[in-house]
Amino acid sequence: VVYLLRTMKVKPDDISWIIPADVWMLAREGPNGGGPWSYPRALLEAEGDREKACADLEAKGIFERLDKDITPTRFRFPVIGKDELKYMRKIKQIVRRGRVTSINLNDGTIKIGFGKDQEPWFLPPSDDIRAFVHCTSPGPFNGTEIDELFVSDTEMRLSLLFAPPVSISMSVLAKLESARRQGKLDLDFGNKLLRTGSVLNGDVPSENDVLRHLVRSFKLEGDVPSLMVSLSTLAVFFSLVDKDPMVGYEWMKANRLSFFSIPGFKSGILNDLSRLSVGGETLGFKEDEIEMFTILQEKLLPLKDK
């Protein structure tokens with residue numbers, strides 16, 4: 001829509017916009033610009049209330065919506081600038097009837113179907129040329145669920161660890177693999193976490209066992225604990241990549257793909273773990289998961305105020 005208006009100079013009145021579902025958007029100019037952990041942290045502060053978390057982020061200027069009178073029902077981490085939002089709000093002909101299921105032409109009349117529960121939308125015959133632009137995309141979310149990332153000593157699957165931008169997740173996976181190959185992973189601590197989580201019984205975990213069980217992919221949908229997995233994944237990274245958690249932290253700061261490279265950025269990880277430990281049961285976490293949060297918090301004390 002922005003491209004049609006700004007670059008192609010199409011008049012707003014000549015555009016009809018079909019919106020299957022309104023979405024929350026991250027404000028590019030918002031405080032700290034939002035980030036990979038904005039949403040799960042808001043959920044944590046809102047004690048798992050998704051609507052309240054979104055409303056709080058909007059109040060802070062981190063979230064935006066297209067229409068102030070319509071509450072979005074989805075969030076896919078799109079980023080929007082104030083200038084782009086201004087363009088989008090110029091469109092007045094907006095159709096909200098769900099996803100398009102069919103487009104038919106009959107005697108010059110165009111019939112757009114939306115499924116059984118919605119009335120079709122008709123465009124009368126016209127001498128003008130009409131163009132239909134399909135501009136929906138899942139972005140990095142294609143519906144593929146990957147349970148295990150570190151499959152074996154010779155196979156690793158790529159998936160998001162955190163919310164977009166995508167690049168930092170791939171960079172962190174590469175760093176963990178590098179630490180594994182160099183023998184720098186804190187296997188003793190990983191073993192401790194696995195036994196706390198009742199993942200292992202009497203077996204001695206390998207380097208790959210530790211990564212396979214503890215490094216989990218980011219979840220876009222699901223219950224509240226699933227939506228907060230990126231917070232614990234960040235803590236696990238700092239704890240495992242080296243015996244000294246400052247090594248992982250300094251690497252993050254020096255990584256230009258990471259939000260940690262932004263001057264003044266704070267990880268807030270100890271505060272997150274404290275909240276998860278105290279309120280974990282209310283949020284739906286299991287007892288062994290809550291105990292893991294406590295153990296992670298102890299390991300990461302050197303990151304206090306960082």
# chains A, B, ... in the order shown; residues from 1 in each chain; ligands from 1
call {"tool": "residues_around", "arguments": {"residues": "Met156 in chain A", "least_positions_apart": "6", "cutoff": "12 Å", "atoms": "only C-alpha atoms", "output": "short mmCIF file (atom, residue, chain, number, x, y, z; two decimals) with C-alpha atoms, in the first residue's frame"}}
result
data_model
loop_
_atom_site.label_atom_id
_atom_site.label_comp_id
_atom_site.auth_asym_id
_atom_site.auth_seq_id
_atom_site.Cartn_x
_atom_site.Cartn_y
_atom_site.Cartn_z
CA ILE A 146 11.00 -27.37 14.37
CA ASP A 147 11.30 -29.16 17.70
CA GLU A 148 15.00 -29.96 17.72
CA LEU A 149 17.69 -27.62 16.38
CA PHE A 150 20.86 -29.51 17.29
CA MET A 170 21.27 -17.33 13.24
CA LEU A 173 23.20 -20.57 16.75
CA ALA A 174 26.54 -20.20 14.97
CA LEU A 176 26.87 -21.99 20.15
CA GLU A 177 28.07 -24.39 17.45
CA ASN A 208 25.01 -32.00 21.55
CA LEU A 211 22.22 -28.02 23.16
CA ARG A 212 19.43 -30.21 21.78
CA VAL A 215 18.16 -24.45 23.10
#
call {"tool": "atom_distance", "arguments": {"atom1": "CA of Asp288 in chain A", "atom2": "CA of Thr196 in chain A"}}
result
6.1 Å
call {"tool": "residues_around", "arguments": {"residues": "range 180-188 of chain A", "least_positions_apart": "2", "cutoff": "8 Å", "atoms": "only C-alpha atoms", "output": "list of chain:residue names"}}
result
A:Leu176, A:Glu177, A:Ser178, A:Gly190, A:Asn191, A:Lys192, A:Glu207, A:Asn208, A:Val210, A:Ser239, A:Leu240, A:Val241, A:Asp242, A:Lys243
call {"tool": "closest_residue", "arguments": {"among": "A:Asp128, A:Glu29, A:Glu45, A:Glu58", "to": "Val79 in chain A", "atoms": "only C-alpha atoms"}}
result
A:Glu29
call {"tool": "closest_residue", "arguments": {"among": "A:Lys253, A:Arg216, A:Lys306, A:Lys52", "to": "Ile269 in chain A", "atoms": "only C-alpha atoms"}}
result
A:Lys306
call {"tool": "closest_residue", "arguments": {"among": "A:Leu160, A:Leu234, A:Leu273, A:Ala21", "to": "Leu220 in chain A", "atoms": "only C-alpha atoms"}}
result
A:Leu160
call {"tool": "atom_distance", "arguments": {"atom1": "CA of Leu5 in chain A", "atom2": "CA of Leu105 in chain A"}}
result
26.5 Å
call {"tool": "closest_residue", "arguments": {"among": "A:Leu66, A:Val100, A:Met252, A:Leu193", "to": "Phe265 in chain A", "atoms": "only C-alpha atoms"}}
result
A:Met252
call {"tool": "residues_around", "arguments": {"residues": "Gln118 in chain A", "least_positions_apart": "6", "cutoff": "10 Å", "atoms": "only C-alpha atoms", "output": "PyMOL selection string"}}
result
chain A and resi 96-99
